[in-house]
Every structure is written in C-alpha cells, then in structure tokens.
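Reviewing the structure listed below.
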Amino acid sequence: MADTPRTATLTLDGKTYELPIHSPTVGPDVIDIRKLYAQAGVFTYDPGFTSTAACDSTITYIDGDIGELLYRGYPIEQLADKSHYLEVCYLLLYGELPTPEEAEKFETLVTRHTMVHEQMHMFFRGFRRDAHPMATMVGVVGAMSAFYHDSTDITDEYQREVASIRMIAKLPTIAAMAYKYSIGQPFVYPRNDLDYASNFLRMCFSVPAEEYEVDPILSRAMDRIFTLHADHEQNASTSTVRLAGSSGANPFACVAAGIACLWGPAHGGANQACLEMLREIGTVDRIPEFIARAKDKDDPFRLMGFGHRVYKNFDPRAKVMKESADEVLGLLGIENNETLKVAKELERIALEDPYFIDKKLYPNVDFYSGIILDAMGFPTSMFTPIFAMSRTVGWIAQWKEMIADPQLKIGRPRQLYMGDTARDYIDVEKR
Ligand code: CMC
C-alpha cells in the first residue's frame, strides 16, 4: 500500500492550508510552498536561502552536521583517494562511474578539445596587461558564446553536450592563458599526451625557452584540488548558473555568471583572501591581534578560510586538502616557512577558542588550498581561477540537469517590499 502523502498545516488568519511534504533519498524533508501564494496570498521570507530548497537534484549531497560530501553518492574522501578529476567529471555529468571504454572515450574527447579558437588569442590582447585573471576569465568565458555559436542552442541536446565538453576541455587553457597574459609571458598551447592536471601545470609554468618537467606528486595534488572543488550542491555560484540558465541563456553566458559570483571573498575568492591574510599577519606573535579583530562585532574583519554556511562540524574537503598540503610541502621541503607557521598556529588557536567553537567555525577548503597553490608557485591571483575551472563541471552538470527537467520555470524570487507606497511625481521646481 502506498504511504499516505504527508502534509504540513499552516494556519493563517483563521484559515488552514495543507502544504505537501517531500522526502529526499537522504537529508531533511522539504515543505512544498509552490502553491502558497496562489492559495493564501502570502510569500515566504528567506534572504540568504538558509531554509529554502530551490530545486531538486541528484548530483551532490552535503550533510553539514557530520561533515559529509557525496558526488552521486560517492564520498569525496574515496574519490580524492581512488579516482581522478576526469573520472569525477564523468560521474558528475552522467551519474555513474565510467566503464574503461567510456572513460577512454570521454578522456580522449576532452583532451582533444583543449585548444581554443586561435582568434581568442587576439581577444585576450584587448585586456589590460595587468588584469586580474578572474576578470579576464569572466570576459573570455562569456565570449565563448561568440566564438562557439554552434553550441548555444539549449533546446538541442547534442549542442548542450558539445558546449559542456568544450568548457571542461578549454577552461584550463583559458585560465592558464589569463595567467600568462597577466605576467607578460607567451601563451603555451595544450599537449594531448599529458593528463588534465599535468597539462594545466605545464600551460602555466613552462616557457618556450626551456622544457618543463611535471612532477607527478604536484600533478596528483593539482588533480585532487580539481576533484575537491568539482561540485558543491546549490552554493552561490551554482545557484547563479541555474538562475541565469532558467531564462534560457546559453551555457557559456551562464558559466561566466557563475565565475563572476565565485570571485567574491565570501565564496571562491576566499582562497586568495586567506593567503593574503596569512601574509598580512606575517608572524605568529601577531595572531592574537587578528583573532581579537575577528571577534570584534564592530570590526568587519573575518578570519578568511574559516566557517561555512553548511558545514557545522568540519569541511571534509579541508581534511583531504590538509593531507595534500603536508605531502606537497614535504616534497618541496618548505614545511617551515613563515606563512605556514602562521597558518598552523592560527588553526590551532582558532580550534581551541570558545568563540570559534561556539559558532562552529572550522577551517574550510580554502584555508589549505591556498597554502598548496602558493607552494606550487601560483600567485594568489590564480587561486580563484583554479577554483573556477575545477567547478566548471559542477556548474555544467547542474545546468544540464535543470535544462532537461520538463518542469523548468524561470527563477523569479519575490520580495518583502519596504519602500514608499504609490505617490505623485513632484515637479522639479517644487522639490
Ligand atoms: N571569522 C569570524 N567570525 C565569523 C566567520 C569568520 N570567518 N564566519 C562567520 N563568523 C561569525 C559571524 O560574525 C556570525 O557571528 P554572529 O552570529 O555573532 O553575528 C556567525 O559567525 C555566523 O556567520 P554568518 O555570516 O551568519 O554565516 P554564513 O553562513 O552566512 O557565512 C561564510 C558563511 C563562509 C560566508 C562565513 O563563514 C565567512 O565569511 N567565512 C570567511 C570566508 C570564507 O572562508 N569563505 C569560503 C567558504 S568555503 C569555499 C566556498 O564554498 O566558496
């Protein structure tokens, strides 16, 4: 016998309304308020979406209380350990781990689409030479819709697929070009004989004047960074991509919108902000001053790389990232630099401080990723572009899921209007 559908009862001005409850495969139930305004004439109010599910999805699951992150059901720790980024991309896009034949086909497809249209080289040259790579990426990824017209018809499933592969393949090339441009070095073309992470490292760090050998430990750490950032449920940038896509905008434009959102220091920009903060602190003896500032209600300063909207125990990505940091710093023999000493001591103090314990503020993924990227030789301005290229697959998987949903509706939040009521225009001489 089928279960009786559950409802929540809302009583408002003496009338009652039955609101359906939906149960997920795992996680909290949701109350369906889609008909609430039509039936009761009220909106719900949830700025910051702290209690609102904006879509249904089968891609990524987070349990913030126990620090769990699953891609299509697979724990992030297992994927970071046993899988690699392109396999994770396949999993996120198509829902299952690939067979050896599927993996071979997918990896070949991505690898063979890493070059960008040659005219894009000219397009890059229009940017100021000292532009932040994120600024360049927002522009160049948006401009992909001008360069790749033949994959912008979102009603055509084949074109959606082509656009997806193009972005996953070309974003590392674009990110590396943005970096090379910002430091005045020649662009480096991708190479098909290298894996995804090694190819990216080479495009960033090689110069035509000499050969560049990719260190397998660094390439593994890079690949893990990509994997750990690949998707993260309905965060701000993913919701931006979905909202932009809900109007029918093409996928390049939507991903460019996601990159713009990611740039903010409360989101992906935190990795750059975190390392800059560690450098600003400079020496261990200055940590108490910064901890005091973070606690001061009148000071807007926050400890970057700490806290998360969803994780209230620990960030599972941070745990894996910390292991990688130890590995990479050990390999490079720089366990003892001053920034790292500050990071370790800051982490220790913050984890013991009642303010951080009470508010459940733990180091997040951005606390450690910046340390690794810095050790690898990336400037802080490249940290967020690396996050953006890693997250591109998540944005695309979420966008594709949304477009394929027959119930797709344009996203259109309502508001609690607190402005003036209707009033008559006042002629300028009477004001
Ligand atoms: N340092 C000091 N206090 C903090 C911090 C912090 N990093 N984060 C939150 N708080 C305090 C905040 O002041 C507030 O205190 P009170 O209740 O007394 O007003 C309380 O903790 C709750 O903060 P909130 O801003 O309401 O929480 P939120 O869920 O809206 O914000 C966050 C989450 C990640 C934006 C925030 O923790 C933050 O700004 N962290 C620093 C930036 C950062 O590291 N961001 C990367 C997030 S992980 C990567 C990603 O997903 O993009």
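Going through the structure tokens in order, the chains are called A, B, and so on, while each chain numbers its residues from 1 and the ligands are numbered from 1 in the order shown.
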- Query: Hey, which residues come within 6 Å of ligand 1 if we count only C-alpha atoms and all ligand atoms? Could you give them as a ChimeraX atom specification?
  - Reply: /A:266-268,270,294,302-309,359,364-366
Please produce an output containing all heavy atoms for each residue in the selection, written as a short mmCIF file (atom, residue, chain, number, x, y, z; two decimals), in the first residue's frame.
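To be explicit, this is the file written out as again_17.cif:
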data_model
loop_
_atom_site.label_atom_id
_atom_site.label_comp_id
_atom_site.auth_asym_id
_atom_site.auth_seq_id
_atom_site.Cartn_x
_atom_site.Cartn_y
_atom_site.Cartn_z
N ALA A 266 33.61 35.98 0.03
CA ALA A 266 32.87 35.07 0.91
C ALA A 266 32.76 33.69 0.28
O ALA A 266 32.40 32.71 0.93
CB ALA A 266 31.47 35.62 1.19
N HIS A 267 33.06 33.59 -1.02
CA HIS A 267 32.91 32.32 -1.76
C HIS A 267 34.30 31.91 -2.25
O HIS A 267 35.23 31.80 -1.45
CB HIS A 267 31.90 32.59 -2.89
CG HIS A 267 31.34 31.39 -3.58
ND1 HIS A 267 31.60 30.11 -3.23
CD2 HIS A 267 30.49 31.32 -4.66
CE1 HIS A 267 30.95 29.28 -4.04
NE2 HIS A 267 30.27 29.99 -4.93
N GLY A 268 34.48 31.73 -3.56
CA GLY A 268 35.76 31.22 -4.07
C GLY A 268 36.92 32.17 -3.88
O GLY A 268 38.09 31.75 -3.83
N ALA A 270 37.79 33.45 -1.35
CA ALA A 270 38.37 33.30 -0.01
C ALA A 270 39.77 32.68 -0.04
O ALA A 270 40.58 32.95 0.84
CB ALA A 270 37.45 32.45 0.87
N ALA A 294 38.71 39.45 14.68
CA ALA A 294 37.65 38.58 14.12
C ALA A 294 36.46 38.49 15.07
O ALA A 294 35.32 38.34 14.64
CB ALA A 294 38.22 37.19 13.86
N ARG A 302 37.02 39.27 9.10
CA ARG A 302 36.74 37.86 9.38
C ARG A 302 37.98 37.04 9.12
O ARG A 302 38.77 37.40 8.24
CB ARG A 302 35.63 37.35 8.46
CG ARG A 302 34.29 37.84 8.88
CD ARG A 302 33.20 37.25 8.05
NE ARG A 302 31.94 37.59 8.69
CZ ARG A 302 30.82 36.93 8.55
NH1 ARG A 302 30.76 35.89 7.76
NH2 ARG A 302 29.73 37.30 9.18
N LEU A 303 38.12 35.94 9.83
CA LEU A 303 39.24 35.05 9.53
C LEU A 303 38.90 34.32 8.24
O LEU A 303 37.99 33.49 8.20
CB LEU A 303 39.42 34.03 10.64
CG LEU A 303 40.22 34.40 11.87
CD1 LEU A 303 40.53 33.15 12.66
CD2 LEU A 303 41.50 35.15 11.53
N MET A 304 39.61 34.66 7.17
CA MET A 304 39.32 34.04 5.89
C MET A 304 39.76 32.57 5.94
O MET A 304 40.76 32.25 6.59
CB MET A 304 40.04 34.77 4.75
CG MET A 304 39.65 36.23 4.64
SD MET A 304 37.88 36.54 4.74
CE MET A 304 37.32 36.05 3.14
N GLY A 305 38.98 31.73 5.27
CA GLY A 305 39.29 30.30 5.30
C GLY A 305 38.67 29.61 6.50
O GLY A 305 38.91 28.42 6.74
N PHE A 306 37.85 30.34 7.27
CA PHE A 306 37.14 29.74 8.41
C PHE A 306 35.64 29.92 8.23
O PHE A 306 35.19 30.97 7.79
CB PHE A 306 37.55 30.39 9.73
CG PHE A 306 38.85 29.86 10.26
CD1 PHE A 306 40.06 30.32 9.74
CD2 PHE A 306 38.86 28.89 11.25
CE1 PHE A 306 41.27 29.83 10.21
CE2 PHE A 306 40.08 28.38 11.72
CZ PHE A 306 41.28 28.86 11.21
N GLY A 307 34.89 28.89 8.61
CA GLY A 307 33.44 28.98 8.60
C GLY A 307 32.85 28.49 7.29
O GLY A 307 33.52 28.46 6.25
N HIS A 308 31.60 28.08 7.37
CA HIS A 308 30.90 27.65 6.17
C HIS A 308 29.41 27.66 6.45
O HIS A 308 28.99 27.35 7.56
CB HIS A 308 31.34 26.22 5.76
CG HIS A 308 30.96 25.90 4.37
ND1 HIS A 308 29.74 25.38 4.04
CD2 HIS A 308 31.64 26.08 3.21
CE1 HIS A 308 29.68 25.24 2.73
NE2 HIS A 308 30.81 25.66 2.20
N ARG A 309 28.63 28.03 5.45
CA ARG A 309 27.18 28.07 5.64
C ARG A 309 26.63 26.69 5.99
O ARG A 309 25.73 26.56 6.82
CB ARG A 309 26.52 28.61 4.37
CG ARG A 309 25.01 28.43 4.28
CD ARG A 309 24.26 29.17 5.36
NE ARG A 309 24.44 30.61 5.31
CZ ARG A 309 23.79 31.42 4.47
NH1 ARG A 309 22.93 30.93 3.61
NH2 ARG A 309 24.02 32.71 4.49
N LYS A 359 30.56 29.07 17.62
CA LYS A 359 29.96 29.41 16.32
C LYS A 359 30.22 28.35 15.26
O LYS A 359 29.89 28.52 14.10
CB LYS A 359 30.47 30.77 15.84
CG LYS A 359 30.02 31.92 16.74
CD LYS A 359 30.31 33.25 16.10
CE LYS A 359 30.05 34.42 17.04
NZ LYS A 359 28.68 34.48 17.55
N ASN A 364 38.01 25.84 6.42
CA ASN A 364 37.33 25.28 5.25
C ASN A 364 38.37 24.97 4.16
O ASN A 364 39.57 25.19 4.34
CB ASN A 364 36.22 26.23 4.76
CG ASN A 364 36.74 27.61 4.41
OD1 ASN A 364 37.73 27.73 3.71
ND2 ASN A 364 36.08 28.64 4.91
N VAL A 365 37.87 24.49 3.03
CA VAL A 365 38.77 24.05 1.95
C VAL A 365 39.74 25.15 1.53
O VAL A 365 40.89 24.88 1.20
CB VAL A 365 37.91 23.55 0.76
CG1 VAL A 365 37.16 24.67 0.08
CG2 VAL A 365 38.72 22.77 -0.24
N ASP A 366 39.28 26.39 1.60
CA ASP A 366 40.11 27.50 1.12
C ASP A 366 41.29 27.78 2.04
O ASP A 366 42.24 28.45 1.65
CB ASP A 366 39.27 28.77 0.96
CG ASP A 366 38.35 28.64 -0.24
OD1 ASP A 366 38.74 27.95 -1.19
OD2 ASP A 366 37.26 29.21 -0.20
#
- Mind checking which residues fall within 9 Å of A:Ala163, counting only C-alpha atoms, ignoring those fewer than 5 positions away in the same chain, and posting them as a ChimeraX atom specification? /A:148,150-152,158,168,251-252
- Task: List every residue of stretch 55-154 of chain A that DSSP, applied to the backbone of this structure, assigns to strand (DSSP E or B), and report them as JSON, numbers by chain.
- Result: {"A": [60, 61, 62, 63, 68, 69, 70, 71, 74, 75]}
- Within 10 Å of A:Asn313 using only C-alpha atoms, minus same-chain residues under 5 positions, as a PyMOL selection string: chain A and resi 63-68+307-308+357+360-362
Dump all heavy atoms for the selected residues as an mmCIF file, in the first residue's frame?
data_model
loop_
_atom_site.group_PDB
_atom_site.id
_atom_site.type_symbol
_atom_site.label_atom_id
_atom_site.label_comp_id
_atom_site.auth_asym_id
_atom_site.auth_seq_id
_atom_site.Cartn_x
_atom_site.Cartn_y
_atom_site.Cartn_z
ATOM 1 N N ASP A 63 25.976 16.685 4.036
ATOM 2 C CA ASP A 63 25.430 16.690 5.392
ATOM 3 C C ASP A 63 26.395 17.520 6.228
ATOM 4 O O ASP A 63 27.489 17.059 6.577
ATOM 5 C CB ASP A 63 25.297 15.259 5.934
ATOM 6 C CG ASP A 63 24.613 15.253 7.301
ATOM 7 O OD1 ASP A 63 24.795 16.229 8.067
ATOM 8 O OD2 ASP A 63 23.910 14.277 7.602
ATOM 9 N N GLY A 64 25.991 18.755 6.489
ATOM 10 C CA GLY A 64 26.878 19.693 7.172
ATOM 11 C C GLY A 64 27.122 19.337 8.620
ATOM 12 O O GLY A 64 28.124 19.749 9.210
ATOM 13 N N ASP A 65 26.206 18.561 9.234
ATOM 14 C CA ASP A 65 26.379 18.240 10.650
ATOM 15 C C ASP A 65 27.446 17.178 10.867
ATOM 16 O O ASP A 65 28.161 17.196 11.861
ATOM 17 C CB ASP A 65 25.047 17.772 11.259
ATOM 18 C CG ASP A 65 24.056 18.921 11.292
ATOM 19 O OD1 ASP A 65 24.499 20.075 11.474
ATOM 20 O OD2 ASP A 65 22.843 18.679 11.100
ATOM 21 N N ILE A 66 27.515 16.253 9.913
ATOM 22 C CA ILE A 66 28.538 15.198 10.106
ATOM 23 C C ILE A 66 29.742 15.392 9.174
ATOM 24 O O ILE A 66 30.656 14.573 9.155
ATOM 25 C CB ILE A 66 27.948 13.774 9.948
ATOM 26 C CG1 ILE A 66 27.333 13.584 8.545
ATOM 27 C CG2 ILE A 66 26.914 13.476 11.020
ATOM 28 C CD1 ILE A 66 27.017 12.130 8.235
ATOM 29 N N GLY A 67 29.720 16.483 8.391
ATOM 30 C CA GLY A 67 30.854 16.749 7.502
ATOM 31 C C GLY A 67 30.949 15.740 6.369
ATOM 32 O O GLY A 67 32.005 15.156 6.127
ATOM 33 N N GLU A 68 29.822 15.512 5.692
ATOM 34 C CA GLU A 68 29.806 14.525 4.604
ATOM 35 C C GLU A 68 29.532 15.223 3.276
ATOM 36 O O GLU A 68 28.657 16.072 3.177
ATOM 37 C CB GLU A 68 28.692 13.502 4.868
ATOM 38 C CG GLU A 68 28.585 12.435 3.801
ATOM 39 C CD GLU A 68 27.533 11.391 4.165
ATOM 40 O OE1 GLU A 68 26.337 11.734 4.239
ATOM 41 O OE2 GLU A 68 27.918 10.228 4.386
ATOM 42 N N GLY A 307 34.893 28.887 8.612
ATOM 43 C CA GLY A 307 33.435 28.981 8.598
ATOM 44 C C GLY A 307 32.848 28.495 7.291
ATOM 45 O O GLY A 307 33.518 28.465 6.247
ATOM 46 N N HIS A 308 31.605 28.083 7.371
ATOM 47 C CA HIS A 308 30.897 27.646 6.172
ATOM 48 C C HIS A 308 29.405 27.662 6.448
ATOM 49 O O HIS A 308 28.991 27.346 7.564
ATOM 50 C CB HIS A 308 31.338 26.224 5.763
ATOM 51 C CG HIS A 308 30.963 25.899 4.368
ATOM 52 N ND1 HIS A 308 29.740 25.385 4.040
ATOM 53 C CD2 HIS A 308 31.637 26.081 3.208
ATOM 54 C CE1 HIS A 308 29.676 25.238 2.728
ATOM 55 N NE2 HIS A 308 30.814 25.660 2.200
ATOM 56 N N ILE A 357 34.602 27.821 18.554
ATOM 57 C CA ILE A 357 33.939 26.541 18.869
ATOM 58 C C ILE A 357 32.429 26.762 18.931
ATOM 59 O O ILE A 357 31.657 26.045 18.302
ATOM 60 C CB ILE A 357 34.479 25.966 20.203
ATOM 61 C CG1 ILE A 357 35.968 25.599 20.036
ATOM 62 C CG2 ILE A 357 33.661 24.753 20.646
ATOM 63 C CD1 ILE A 357 36.677 25.234 21.326
ATOM 64 N N LYS A 360 30.859 27.274 15.670
ATOM 65 C CA LYS A 360 31.176 26.144 14.772
ATOM 66 C C LYS A 360 31.953 26.603 13.544
ATOM 67 O O LYS A 360 31.585 26.332 12.403
ATOM 68 C CB LYS A 360 29.905 25.402 14.364
ATOM 69 C CG LYS A 360 29.119 24.831 15.545
ATOM 70 C CD LYS A 360 27.970 24.021 15.046
ATOM 71 C CE LYS A 360 26.962 23.614 16.080
ATOM 72 N NZ LYS A 360 27.373 22.941 17.257
ATOM 73 N N LEU A 361 32.993 27.366 13.786
ATOM 74 C CA LEU A 361 33.829 27.870 12.687
ATOM 75 C C LEU A 361 35.093 27.023 12.582
ATOM 76 O O LEU A 361 35.944 27.062 13.455
ATOM 77 C CB LEU A 361 34.191 29.337 12.938
ATOM 78 C CG LEU A 361 33.010 30.303 13.063
ATOM 79 C CD1 LEU A 361 33.471 31.678 13.531
ATOM 80 C CD2 LEU A 361 32.279 30.413 11.735
ATOM 81 N N TYR A 362 35.167 26.245 11.534
ATOM 82 C CA TYR A 362 36.309 25.362 11.306
ATOM 83 C C TYR A 362 37.040 25.812 10.049
ATOM 84 O O TYR A 362 36.452 26.477 9.196
ATOM 85 C CB TYR A 362 35.824 23.921 11.116
ATOM 86 C CG TYR A 362 35.157 23.383 12.344
ATOM 87 C CD1 TYR A 362 33.787 23.567 12.536
ATOM 88 C CD2 TYR A 362 35.896 22.732 13.321
ATOM 89 C CE1 TYR A 362 33.161 23.100 13.684
ATOM 90 C CE2 TYR A 362 35.290 22.260 14.471
ATOM 91 C CZ TYR A 362 33.918 22.447 14.648
ATOM 92 O OH TYR A 362 33.326 21.988 15.792
#
Wanna dump the stretch 329-418 of chain A-stretch 175-195 of chain A contacts at 12 Å for me, each residue with its shortest atom pair and the distance in Å to one decimal, counting only C-alpha atoms, ordered by chain and number, as JSON lines?
{"residue": "A:Phe378", "atom": "CA", "partner": "A:Tyr179", "partner_atom": "CA", "distance": 9.3}
{"residue": "A:Pro379", "atom": "CA", "partner": "A:Tyr179", "partner_atom": "CA", "distance": 9.1}
{"residue": "A:Thr380", "atom": "CA", "partner": "A:Tyr179", "partner_atom": "CA", "distance": 10.9}
{"residue": "A:Ser381", "atom": "CA", "partner": "A:Tyr179", "partner_atom": "CA", "distance": 8.5}
{"residue": "A:Met382", "atom": "CA", "partner": "A:Tyr179", "partner_atom": "CA", "distance": 6.9}
{"residue": "A:Phe383", "atom": "CA", "partner": "A:Ala175", "partner_atom": "CA", "distance": 10.4}
{"residue": "A:Thr384", "atom": "CA", "partner": "A:Ala175", "partner_atom": "CA", "distance": 9.9}
{"residue": "A:Pro385", "atom": "CA", "partner": "A:Ala175", "partner_atom": "CA", "distance": 6.1}
{"residue": "A:Ile386", "atom": "CA", "partner": "A:Ala175", "partner_atom": "CA", "distance": 7.2}
{"residue": "A:Phe387", "atom": "CA", "partner": "A:Ala175", "partner_atom": "CA", "distance": 10.2}
{"residue": "A:Ala388", "atom": "CA", "partner": "A:Ala175", "partner_atom": "CA", "distance": 8.7}
{"residue": "A:Met389", "atom": "CA", "partner": "A:Ala175", "partner_atom": "CA", "distance": 7.2}
{"residue": "A:Ser390", "atom": "CA", "partner": "A:Ala175", "partner_atom": "CA", "distance": 10.5}
{"residue": "A:Thr392", "atom": "CA", "partner": "A:Ala175", "partner_atom": "CA", "distance": 11.7}
Please tabulate, as a tab-separated table, the residues of stretch 129-235 of chain A that come within 12 Å of stretch 97-106 of chain A, each with its closest pair of atoms and the distance in Å to one decimal, counting only C-alpha atoms and ordering rows by chain, then residue number upward.
residue	atom	partner	partner_atom	distance
A:Glu161	CA	A:Phe106	CA	11.7
A:Ser164	CA	A:Phe106	CA	11.8
A:Ile165	CA	A:Phe106	CA	9.0
A:Ile168	CA	A:Phe106	CA	11.1
A:Ala169	CA	A:Phe106	CA	10.7
Residues from the last selection, N, CA and C atoms, saved as a PDB file, in the first residue's frame:
ATOM      1  N   GLU A 161      25.612  19.080 -25.130  1.00  0.00           N
ATOM      2  CA  GLU A 161      26.736  18.174 -24.847  1.00  0.00           C
ATOM      3  C   GLU A 161      28.048  18.773 -25.382  1.00  0.00           C
ATOM      4  N   SER A 164      29.241  21.542 -23.229  1.00  0.00           N
ATOM      5  CA  SER A 164      29.762  21.038 -21.950  1.00  0.00           C
ATOM      6  C   SER A 164      31.200  20.559 -22.107  1.00  0.00           C
ATOM      7  N   ILE A 165      31.428  19.744 -23.126  1.00  0.00           N
ATOM      8  CA  ILE A 165      32.783  19.210 -23.338  1.00  0.00           C
ATOM      9  C   ILE A 165      33.741  20.363 -23.650  1.00  0.00           C
ATOM     10  N   ILE A 168      34.667  22.087 -20.301  1.00  0.00           N
ATOM     11  CA  ILE A 168      35.543  21.288 -19.423  1.00  0.00           C
ATOM     12  C   ILE A 168      36.948  21.221 -20.034  1.00  0.00           C
ATOM     13  N   ALA A 169      37.013  21.093 -21.353  1.00  0.00           N
ATOM     14  CA  ALA A 169      38.312  20.974 -22.021  1.00  0.00           C
ATOM     15  C   ALA A 169      39.063  22.297 -22.073  1.00  0.00           C
TER      16      ALA A 169
END
- Task: Using only C-alpha atoms, determine which residues lie at most 12 Å from A:Phe127, disregarding the query and same-chain residues fewer than 5 positions distant; provide the list as a list in words.
- Result: Met120, His121, Met122, His132, Pro133, Met134, Ala135, Thr136, Met137, Val138, Gly139, Val140, Met177, Ala178, Tyr181, Ser182 and Gly184 of chain A
- Within 10 Å of A:Ile287 using only C-alpha atoms, minus same-chain residues under 2 positions, as a PyMOL selection string: chain A and resi 278+281-285+289-293+342-343+345-346+349-350
- Just the helix (DSSP H, G or I) stuff from stretch 166-288 of chain A, please, per backbone DSSP, written as a PyMOL selection string. chain A and resi 166-183+196-205+216-228+236-246+251-262+270-281+284-288
- Which residues, written as a list in words, have at least one atom at most 10 Å from A:Ala257, with only C-alpha atoms counted and residues fewer than 3 positions away on the same chain left out? Val138, Gly139, Val141, Gly142, Ser237, Thr238, Thr240, Val241, Arg242, Leu243, Ala244, Gly245, Pro251, Phe252, Ala253, Cys254, Ala260, Cys261 and Leu262 of chain A
Those same residues, written as a short mmCIF file (atom, residue, chain, number, x, y, z; two decimals), in the first residue's frame with all heavy atoms?
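Generated output (part.cif):
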data_model
loop_
_atom_site.label_atom_id
_atom_site.label_comp_id
_atom_site.auth_asym_id
_atom_site.auth_seq_id
_atom_site.Cartn_x
_atom_site.Cartn_y
_atom_site.Cartn_z
N VAL A 138 36.10 35.93 -16.62
CA VAL A 138 34.67 36.26 -16.75
C VAL A 138 34.39 36.69 -18.18
O VAL A 138 33.43 36.24 -18.82
CB VAL A 138 34.27 37.40 -15.77
CG1 VAL A 138 32.85 37.86 -16.03
CG2 VAL A 138 34.42 36.97 -14.33
N GLY A 139 35.28 37.55 -18.72
CA GLY A 139 35.08 38.08 -20.07
C GLY A 139 35.27 37.01 -21.14
O GLY A 139 34.44 36.87 -22.05
N VAL A 141 35.22 33.63 -20.93
CA VAL A 141 34.24 32.53 -20.94
C VAL A 141 32.89 33.03 -21.47
O VAL A 141 32.23 32.35 -22.27
CB VAL A 141 34.12 31.88 -19.53
CG1 VAL A 141 33.00 30.85 -19.51
CG2 VAL A 141 35.44 31.22 -19.15
N GLY A 142 32.50 34.26 -21.09
CA GLY A 142 31.28 34.84 -21.66
C GLY A 142 31.39 34.94 -23.18
O GLY A 142 30.44 34.67 -23.92
N SER A 237 27.49 30.36 -6.44
CA SER A 237 27.79 30.42 -7.88
C SER A 237 26.95 29.41 -8.66
O SER A 237 26.51 29.71 -9.78
CB SER A 237 29.28 30.21 -8.12
OG SER A 237 29.70 28.99 -7.57
N THR A 238 26.72 28.25 -8.09
CA THR A 238 25.90 27.25 -8.79
C THR A 238 24.46 27.76 -8.91
O THR A 238 23.82 27.61 -9.96
CB THR A 238 25.94 25.91 -8.02
OG1 THR A 238 27.31 25.52 -7.93
CG2 THR A 238 25.14 24.83 -8.72
N THR A 240 23.68 30.80 -9.08
CA THR A 240 23.75 31.86 -10.09
C THR A 240 23.66 31.26 -11.49
O THR A 240 22.92 31.75 -12.35
CB THR A 240 25.08 32.64 -9.95
OG1 THR A 240 25.12 33.19 -8.64
CG2 THR A 240 25.22 33.74 -10.98
N VAL A 241 24.41 30.17 -11.70
CA VAL A 241 24.38 29.49 -13.01
C VAL A 241 22.96 29.01 -13.30
O VAL A 241 22.41 29.20 -14.38
CB VAL A 241 25.38 28.31 -13.05
CG1 VAL A 241 25.19 27.46 -14.29
CG2 VAL A 241 26.81 28.83 -12.96
N ARG A 242 22.32 28.41 -12.30
CA ARG A 242 20.96 27.90 -12.50
C ARG A 242 20.00 29.05 -12.79
O ARG A 242 19.15 28.95 -13.68
CB ARG A 242 20.48 27.12 -11.27
CG ARG A 242 20.99 25.69 -11.22
CD ARG A 242 20.30 24.95 -10.08
NE ARG A 242 20.70 23.56 -9.98
CZ ARG A 242 19.95 22.52 -10.38
NH1 ARG A 242 18.77 22.72 -10.93
NH2 ARG A 242 20.38 21.28 -10.24
N LEU A 243 20.12 30.13 -12.03
CA LEU A 243 19.18 31.25 -12.23
C LEU A 243 19.37 31.86 -13.61
O LEU A 243 18.40 32.12 -14.33
CB LEU A 243 19.39 32.30 -11.13
CG LEU A 243 18.31 33.34 -10.95
CD1 LEU A 243 16.95 32.71 -10.71
CD2 LEU A 243 18.65 34.26 -9.77
N ALA A 244 20.64 32.05 -14.00
CA ALA A 244 20.91 32.60 -15.33
C ALA A 244 20.36 31.64 -16.39
O ALA A 244 19.69 32.06 -17.35
CB ALA A 244 22.41 32.80 -15.52
N GLY A 245 20.59 30.35 -16.19
CA GLY A 245 20.14 29.36 -17.18
C GLY A 245 18.63 29.22 -17.24
O GLY A 245 18.08 28.81 -18.26
N PRO A 251 24.86 28.31 -22.29
CA PRO A 251 25.67 27.81 -21.18
C PRO A 251 26.96 28.58 -20.94
O PRO A 251 27.44 28.65 -19.80
CB PRO A 251 25.98 26.36 -21.58
CG PRO A 251 25.73 26.28 -23.03
CD PRO A 251 24.67 27.28 -23.34
N PHE A 252 27.55 29.15 -21.99
CA PHE A 252 28.80 29.92 -21.79
C PHE A 252 28.49 31.17 -20.95
O PHE A 252 29.23 31.52 -20.04
CB PHE A 252 29.41 30.31 -23.13
CG PHE A 252 29.68 29.14 -24.03
CD1 PHE A 252 28.94 28.93 -25.19
CD2 PHE A 252 30.67 28.22 -23.72
CE1 PHE A 252 29.18 27.85 -26.02
CE2 PHE A 252 30.93 27.13 -24.53
CZ PHE A 252 30.18 26.94 -25.69
N ALA A 253 27.37 31.83 -21.29
CA ALA A 253 26.97 33.02 -20.53
C ALA A 253 26.67 32.64 -19.08
O ALA A 253 27.04 33.37 -18.15
CB ALA A 253 25.74 33.66 -21.19
N CYS A 254 26.02 31.49 -18.90
CA CYS A 254 25.67 31.07 -17.52
C CYS A 254 26.92 30.78 -16.70
O CYS A 254 27.02 31.18 -15.53
CB CYS A 254 24.80 29.82 -17.55
SG CYS A 254 23.24 30.09 -18.37
N ALA A 260 31.73 34.97 -12.15
CA ALA A 260 31.64 36.30 -11.52
C ALA A 260 31.22 36.16 -10.06
O ALA A 260 31.78 36.80 -9.17
CB ALA A 260 30.63 37.16 -12.29
N CYS A 261 30.27 35.29 -9.80
CA CYS A 261 29.79 35.11 -8.42
C CYS A 261 30.87 34.46 -7.55
O CYS A 261 31.07 34.86 -6.40
CB CYS A 261 28.52 34.25 -8.44
SG CYS A 261 27.93 33.89 -6.79
N LEU A 262 31.56 33.50 -8.13
CA LEU A 262 32.59 32.79 -7.37
C LEU A 262 33.71 33.71 -6.89
O LEU A 262 34.36 33.47 -5.89
CB LEU A 262 33.20 31.67 -8.25
CG LEU A 262 34.18 30.74 -7.54
CD1 LEU A 262 33.42 29.71 -6.72
CD2 LEU A 262 35.10 30.05 -8.52
#
- Near A:His232, within 10 Å and counting only C-alpha atoms, which residues show up once chain neighbours fewer than 6 positions away are dropped, as a VMD selection string? chain A and resid 59 to 62 69 to 71 238 391 394 to 395
Could you take the residues named above and write them with C-alpha atoms, as a PDB file, in the first residue's frame?
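Contents of selection.pdb, as written:
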ATOM      1  CA  ILE A  59      24.106  15.278  -8.209  1.00  0.00           C
ATOM      2  CA  THR A  60      25.702  16.255  -4.901  1.00  0.00           C
ATOM      3  CA  TYR A  61      24.726  15.767  -1.282  1.00  0.00           C
ATOM      4  CA  ILE A  62      26.136  17.534   1.763  1.00  0.00           C
ATOM      5  CA  LEU A  69      30.086  15.354   0.914  1.00  0.00           C
ATOM      6  CA  LEU A  70      28.893  12.894  -1.736  1.00  0.00           C
ATOM      7  CA  TYR A  71      29.143  13.182  -5.517  1.00  0.00           C
ATOM      8  CA  THR A 238      25.897  27.248  -8.787  1.00  0.00           C
ATOM      9  CA  ARG A 391      33.904  23.968 -10.523  1.00  0.00           C
ATOM     10  CA  GLY A 394      29.679  21.073 -11.395  1.00  0.00           C
ATOM     11  CA  TRP A 395      28.057  24.162 -12.881  1.00  0.00           C
TER      12      TRP A 395
END
- Nearest to A:Thr58 by atom-to-atom distance, counting only C-alpha atoms, from A:Phe147, A:Leu91, A:Arg129, A:Tyr85: A:Leu91
- Figure out the distance between atom CA of A:Ile372 and atom CA of A:Asp223, please, to one decimal in Å. 12.1 Å
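Here atom CA of A:Tyr17 is placed at a distance of 10.2 Å from atom CA of A:Ile33.
Using only C-alpha atoms, the nearest neighbour of A:Glu276 within the list A:Val428, A:Ile371, A:Val26, A:Ile154 is A:Ile371.
We find atom CA of A:Phe43 and atom CA of A:Leu19 to be spaced 13.6 Å apart.
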